[in-house]
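Colleague: Have a look at this one before I ask anything.
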Amino acid sequence: MSRFKKDLPMFQAVATMVGTIIGAGILGIPFVFARAGFWTGVLMLGIITFAMVALKLMFGELTLRTYGQHQISGYVEKYMGNFWKNLTSLVLIISVAGSLLAYFVGVGQVLAEIFGSTQLMWGLGFYILASIFLFFGLKLIKKAEFILTLFIFLVILLIFILSHAHINFYNLNVLNLSQLFIPYGVVLFACSGIMAVPEVRQILFRREHLFKKSMYLGALIPAVVYFIFAFIVVGVSGSQTTEVATLGLGNIVGPHLLVIGNIFAFLTMSTSFLTLGLGLKDTLHFDLKIKHLWAWLISVLIPLIIYFAGLRDFINILALVGAFGFGINGVIYIFTYWLARKKGQRYPEYRLPKLFAAPVSIFLILIFIGGLIYTLFDVF
C-alpha cells in the first residue's frame, strides 16, 4: 500500500498526459488512415510520435529549469519576451478553442447516436456539465482524469474482443507514400497534449525525478492505443470508415458495439476536454492576468461562438487545429527551449544531450512548417 501511495503521483501524471492526448483525435485517425492507406498512416504516426516525445521532453526540461508556476505562454514570455508570449497565447487560445469545439461536435454526435434526440442538445448538455468541472480546477479534474483514463483502456479491450472476428486483413494491406501527409494534421492533433506538461509539473512538485519517465510513458502509451484502435477500425470498416470512427464500426459489427464504441468516444473526449479546458483557463488567468471568472467564461464561450458561426466539420477541425497550433507554436517552443538551456534558473532533473536536441530541433521545425503548408492547401 505504501508503494502504491509512493507511485500514485506518477500514475496521476501519466494519466493526466494520456487523458489529455487521447481525445477526439483518436476518432478521426482511422478515417485518415483508411484514406491514405493503413501503413501510410502508421508511418506518419511513428514520425509524429517521435516528434511529440522529443518536444515534450524538451518542454519538460524547460519547466524544470524554471522556478514558479506558469502555463505555456508564461514560459515563452520568461525566455522569449512579451511579443512571443502574446503570439503564443493567441495561437493557443485559437487551437484549444478549436479542440474544445471538436469535442463539442463529437460528443453531440455520439450521445445522439446512443440516446436519440439532436446532436446540439446532447453537445450543449455535456458542455454545461464539463464547464462546471472546469470552474473548480485541477484537484477535481485530476481525480476525474485518472478514473476516466482507466475506463478508456477497458473499453478498448472490449472493442477488440467484439470486433476482432470481423477484421479483414485486405483492408490493412496498403502503403502509399504519395499520400503520407494526408493523416498529418489529424495525427498531430491526436498526439499533441503539450498543454498537459505544466499540469504534470504541478502534480510532480517535489517529485521531479519522476518527470522524464512520466513524459515518455504519457507520450508513448497514446501512440500504442492509436495503432491498436486504427488496426481494429480500418480492418473492420475499410473504405466504409466514418469520420467519427465508432459510428461506422458499430453499424458494421452490431448495435452492442455501437453503444460500447460511443461510450469509448465519450470518455476520450471528456478527459481531453477537462485538461485542455483547464489549461486554457489557467493560461488566461495566470499568464494573461484575467480574473478567474472571466478566464473561465472566455474559455467556454469561444468554442460555442465558433460553432454557431458555422465551423462544424469534425475532420477539418482536427486537421487545422493540429497543423496550425504546431506550425506556429511548435517552432516557438523549440526556440524557447534553447534559450532556457542558456538562461534557466535551476539545474533540471534531466537534460537532453545537445547532439540529440540540435538535429531533432531542425527536424521538428521542418515538419511543423511543412505540415502546416500542406494542410492549408489540402483543406482549402
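Chain lettering (A, B, ...) mirrors the order of the C-alpha cells, residue numbering begins at 1 for each chain separately, and ligand numbering begins at 1 in order of display.
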Write out as a list in words each polymer residue whose atoms come within 7 Å of segment 342-359 of chain A, counting only C-alpha atoms; drop sequence neighbours fewer than 2 positions from it.

Modeller: Glu61, Leu64, Arg65, Thr66, Tyr67, Glu208, His209, Trp338, Leu339, Ala340, Ser361, Ile362 and Phe363 of chain A

Colleague: Among segment 78-215 of chain A, which residues does DSSP mark as helix (DSSP H, G or I) when it is run on the backbone? Keep the chain and numbering as in the structure and answer as a PyMOL selection string.

Modeller: chain A and resi 78-80+82-115+119-136+138-166+169-172+177-179+184-191+196-203+208-215

Colleague: Need the shell around Ile317 of chain A: protein/DNA/RNA residues with any atom at most 12 Å away, counting only C-alpha atoms. Skip same-chain ones fewer than 4 positions apart. Format as a PyMOL selection string?

Modeller: chain A and resi 24-25+28+94-106+185-186+189-190+243+303+306-307+310-313+321-325+375-376+379

Colleague: Write the selection just made, keeping N, CA and C atoms, as a compact mmCIF listing (two decimals), in the first residue's frame?

Modeller:
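The result, written out as selection15.txt:
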# COMPACT_ATOMS: atom_id res chain seq x y z
N ALA A 24 -10.55 13.58 -28.98
CA ALA A 24 -11.31 13.48 -30.22
C ALA A 24 -10.45 13.00 -31.37
N GLY A 25 -9.14 13.22 -31.29
CA GLY A 25 -8.25 12.83 -32.37
C GLY A 25 -8.29 11.34 -32.69
N GLY A 28 -10.78 10.36 -35.27
CA GLY A 28 -10.52 10.74 -36.66
C GLY A 28 -9.38 9.97 -37.29
N ILE A 94 -6.76 30.00 -29.86
CA ILE A 94 -7.47 29.55 -31.06
C ILE A 94 -7.43 28.02 -31.16
N SER A 95 -6.24 27.45 -30.92
CA SER A 95 -6.08 25.99 -31.06
C SER A 95 -6.89 25.22 -30.02
N VAL A 96 -6.79 25.64 -28.77
CA VAL A 96 -7.53 24.93 -27.71
C VAL A 96 -9.03 25.14 -27.88
N ALA A 97 -9.43 26.33 -28.28
CA ALA A 97 -10.85 26.56 -28.56
C ALA A 97 -11.32 25.64 -29.68
N GLY A 98 -10.48 25.46 -30.71
CA GLY A 98 -10.80 24.52 -31.77
C GLY A 98 -10.91 23.10 -31.27
N SER A 99 -10.02 22.72 -30.34
CA SER A 99 -10.07 21.38 -29.75
C SER A 99 -11.37 21.19 -28.97
N LEU A 100 -11.72 22.16 -28.14
CA LEU A 100 -12.97 22.08 -27.37
C LEU A 100 -14.17 22.03 -28.30
N LEU A 101 -14.08 22.76 -29.42
CA LEU A 101 -15.14 22.71 -30.42
C LEU A 101 -15.28 21.31 -31.00
N ALA A 102 -14.14 20.66 -31.29
CA ALA A 102 -14.17 19.29 -31.82
C ALA A 102 -14.84 18.35 -30.83
N TYR A 103 -14.53 18.51 -29.53
CA TYR A 103 -15.15 17.66 -28.51
C TYR A 103 -16.65 17.94 -28.42
N PHE A 104 -17.02 19.20 -28.53
CA PHE A 104 -18.43 19.57 -28.51
C PHE A 104 -19.18 18.90 -29.66
N VAL A 105 -18.62 18.97 -30.88
CA VAL A 105 -19.24 18.35 -32.05
C VAL A 105 -19.27 16.83 -31.89
N GLY A 106 -18.12 16.25 -31.49
CA GLY A 106 -18.02 14.80 -31.40
C GLY A 106 -18.91 14.21 -30.33
N GLY A 185 -2.30 16.36 -40.15
CA GLY A 185 -2.96 17.27 -39.22
C GLY A 185 -3.73 16.55 -38.13
N VAL A 186 -4.48 15.51 -38.51
CA VAL A 186 -5.28 14.77 -37.54
C VAL A 186 -4.38 14.01 -36.56
N PHE A 189 -2.76 16.49 -34.18
CA PHE A 189 -3.77 16.87 -33.19
C PHE A 189 -3.92 15.79 -32.13
N ALA A 190 -3.99 14.54 -32.59
CA ALA A 190 -4.23 13.43 -31.67
C ALA A 190 -3.06 13.17 -30.73
N GLU A 243 -15.94 9.36 -40.38
CA GLU A 243 -15.12 10.40 -39.77
C GLU A 243 -15.05 10.22 -38.25
N PRO A 303 -15.45 28.46 -28.05
CA PRO A 303 -15.84 27.35 -28.92
C PRO A 303 -17.30 27.39 -29.36
N ILE A 306 -17.64 29.92 -32.18
CA ILE A 306 -17.12 29.38 -33.44
C ILE A 306 -18.12 28.38 -34.04
N TYR A 307 -18.71 27.55 -33.18
CA TYR A 307 -19.67 26.55 -33.67
C TYR A 307 -20.87 27.23 -34.32
N GLY A 310 -20.51 28.58 -37.73
CA GLY A 310 -20.61 27.69 -38.87
C GLY A 310 -19.51 26.66 -39.06
N LEU A 311 -18.46 26.63 -38.21
CA LEU A 311 -17.39 25.65 -38.36
C LEU A 311 -17.78 24.38 -37.62
N ARG A 312 -18.20 23.33 -38.38
CA ARG A 312 -18.77 22.14 -37.73
C ARG A 312 -18.25 20.83 -38.34
N ASP A 313 -17.27 20.89 -39.25
CA ASP A 313 -16.74 19.69 -39.89
C ASP A 313 -15.67 19.06 -39.00
N VAL A 321 -6.54 22.45 -36.49
CA VAL A 321 -6.03 22.74 -35.14
C VAL A 321 -4.64 22.14 -34.96
N GLY A 322 -4.47 20.88 -35.37
CA GLY A 322 -3.17 20.24 -35.22
C GLY A 322 -2.08 20.94 -36.00
N ALA A 323 -2.32 21.18 -37.28
CA ALA A 323 -1.29 21.78 -38.13
C ALA A 323 -1.04 23.25 -37.78
N PHE A 324 -2.10 24.00 -37.49
CA PHE A 324 -1.95 25.42 -37.17
C PHE A 324 -1.23 25.63 -35.84
N GLY A 325 -1.68 24.90 -34.82
CA GLY A 325 -1.11 25.09 -33.49
C GLY A 325 0.39 24.82 -33.46
N THR A 375 -1.40 21.18 -45.06
CA THR A 375 -2.77 21.09 -44.54
C THR A 375 -3.62 22.25 -45.02
N LEU A 376 -3.05 23.45 -45.07
CA LEU A 376 -3.81 24.60 -45.56
C LEU A 376 -4.23 24.40 -47.01
N VAL A 379 -7.02 21.48 -47.08
CA VAL A 379 -8.36 21.81 -46.55
C VAL A 379 -9.04 22.88 -47.39

Colleague: Pick out the residues sitting within 7 Å of segment 237-239 of chain A, and hand them over as a VMD selection string; count only C-alpha atoms, and ignore anything fewer than 4 positions along from it in its own chain.

Modeller: chain A and resid 34 171 233 248 to 249

Colleague: Do you know which residues are at most 9 Å from Asn173 of chain A counting only C-alpha atoms, after dropping those on the same chain fewer than 5 positions away, and could you put them as a list of chain:residue names?

Modeller: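 Here the qualifying residues turn out to be A:Gly37, A:Phe38, A:Trp39.
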
Colleague: Restricting the calculation to only C-alpha atoms: of A:Phe59, A:Tyr226, A:Tyr79, A:Phe368, which residue gets closest to Phe153 of chain A?

Modeller: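 Residue with the minimum atom-to-atom distance to Phe153 of chain A: A:Tyr226.
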
Colleague: To one decimal in Å, tell me the separation between atom CA of Asn176 of chain A and atom CA of Phe33 of chain A.

Modeller: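 Value for the atom CA of Asn176 of chain A-atom CA of Phe33 of chain A distance: 10.7 Å.
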
Colleague: So that I can see what lies close to Ile367 of chain A, please list as a PyMOL selection string the residues with an atom at most 10 Å from it, counting only C-alpha atoms and leaving out residues fewer than 2 positions away in the same chain.

Modeller: chain A and resi 47-48+51+184+323+326-327+330-331+362-365+369-373

Colleague: Limited to C-alpha atoms, could you put the picked residues into a file as a compact mmCIF listing (two decimals), in the first residue's frame?

Modeller:
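out.txt written:
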# COMPACT_ATOMS: atom_id res chain seq x y z
CA ILE A 47 7.05 10.15 -37.24
CA ILE A 48 4.68 12.32 -35.22
CA ALA A 51 8.39 14.41 -32.77
CA TYR A 184 -0.61 14.70 -40.76
CA ALA A 323 -1.29 21.78 -38.13
CA PHE A 326 2.23 23.39 -34.04
CA GLY A 327 3.07 25.05 -37.34
CA GLY A 330 5.82 24.31 -32.13
CA VAL A 331 8.60 26.39 -33.63
CA ILE A 362 15.79 21.21 -37.02
CA PHE A 363 13.72 18.17 -37.95
CA LEU A 364 10.77 19.40 -35.85
CA ILE A 365 10.84 22.88 -37.35
CA ILE A 369 6.17 24.30 -41.11
CA GLY A 370 5.87 21.83 -44.00
CA GLY A 371 2.83 20.15 -42.45
CA LEU A 372 1.07 23.47 -41.92
CA ILE A 373 1.55 24.47 -45.56

Colleague: With distances taken over only C-alpha atoms, which of A:Leu180, A:Ile93, A:Ile26, A:Ile315 is nearest to Ile302 of chain A?

Modeller: A:Ile93

Colleague: Would you pick out the contacts of Phe229 of chain A at 9 Å or less, using only C-alpha atoms, so that residues sharing its chain but fewer than 2 positions from it are not included, and give the list as a ChimeraX atom specification?

Modeller: /A:26-27,29-30,156,159-160,224-227,231-234
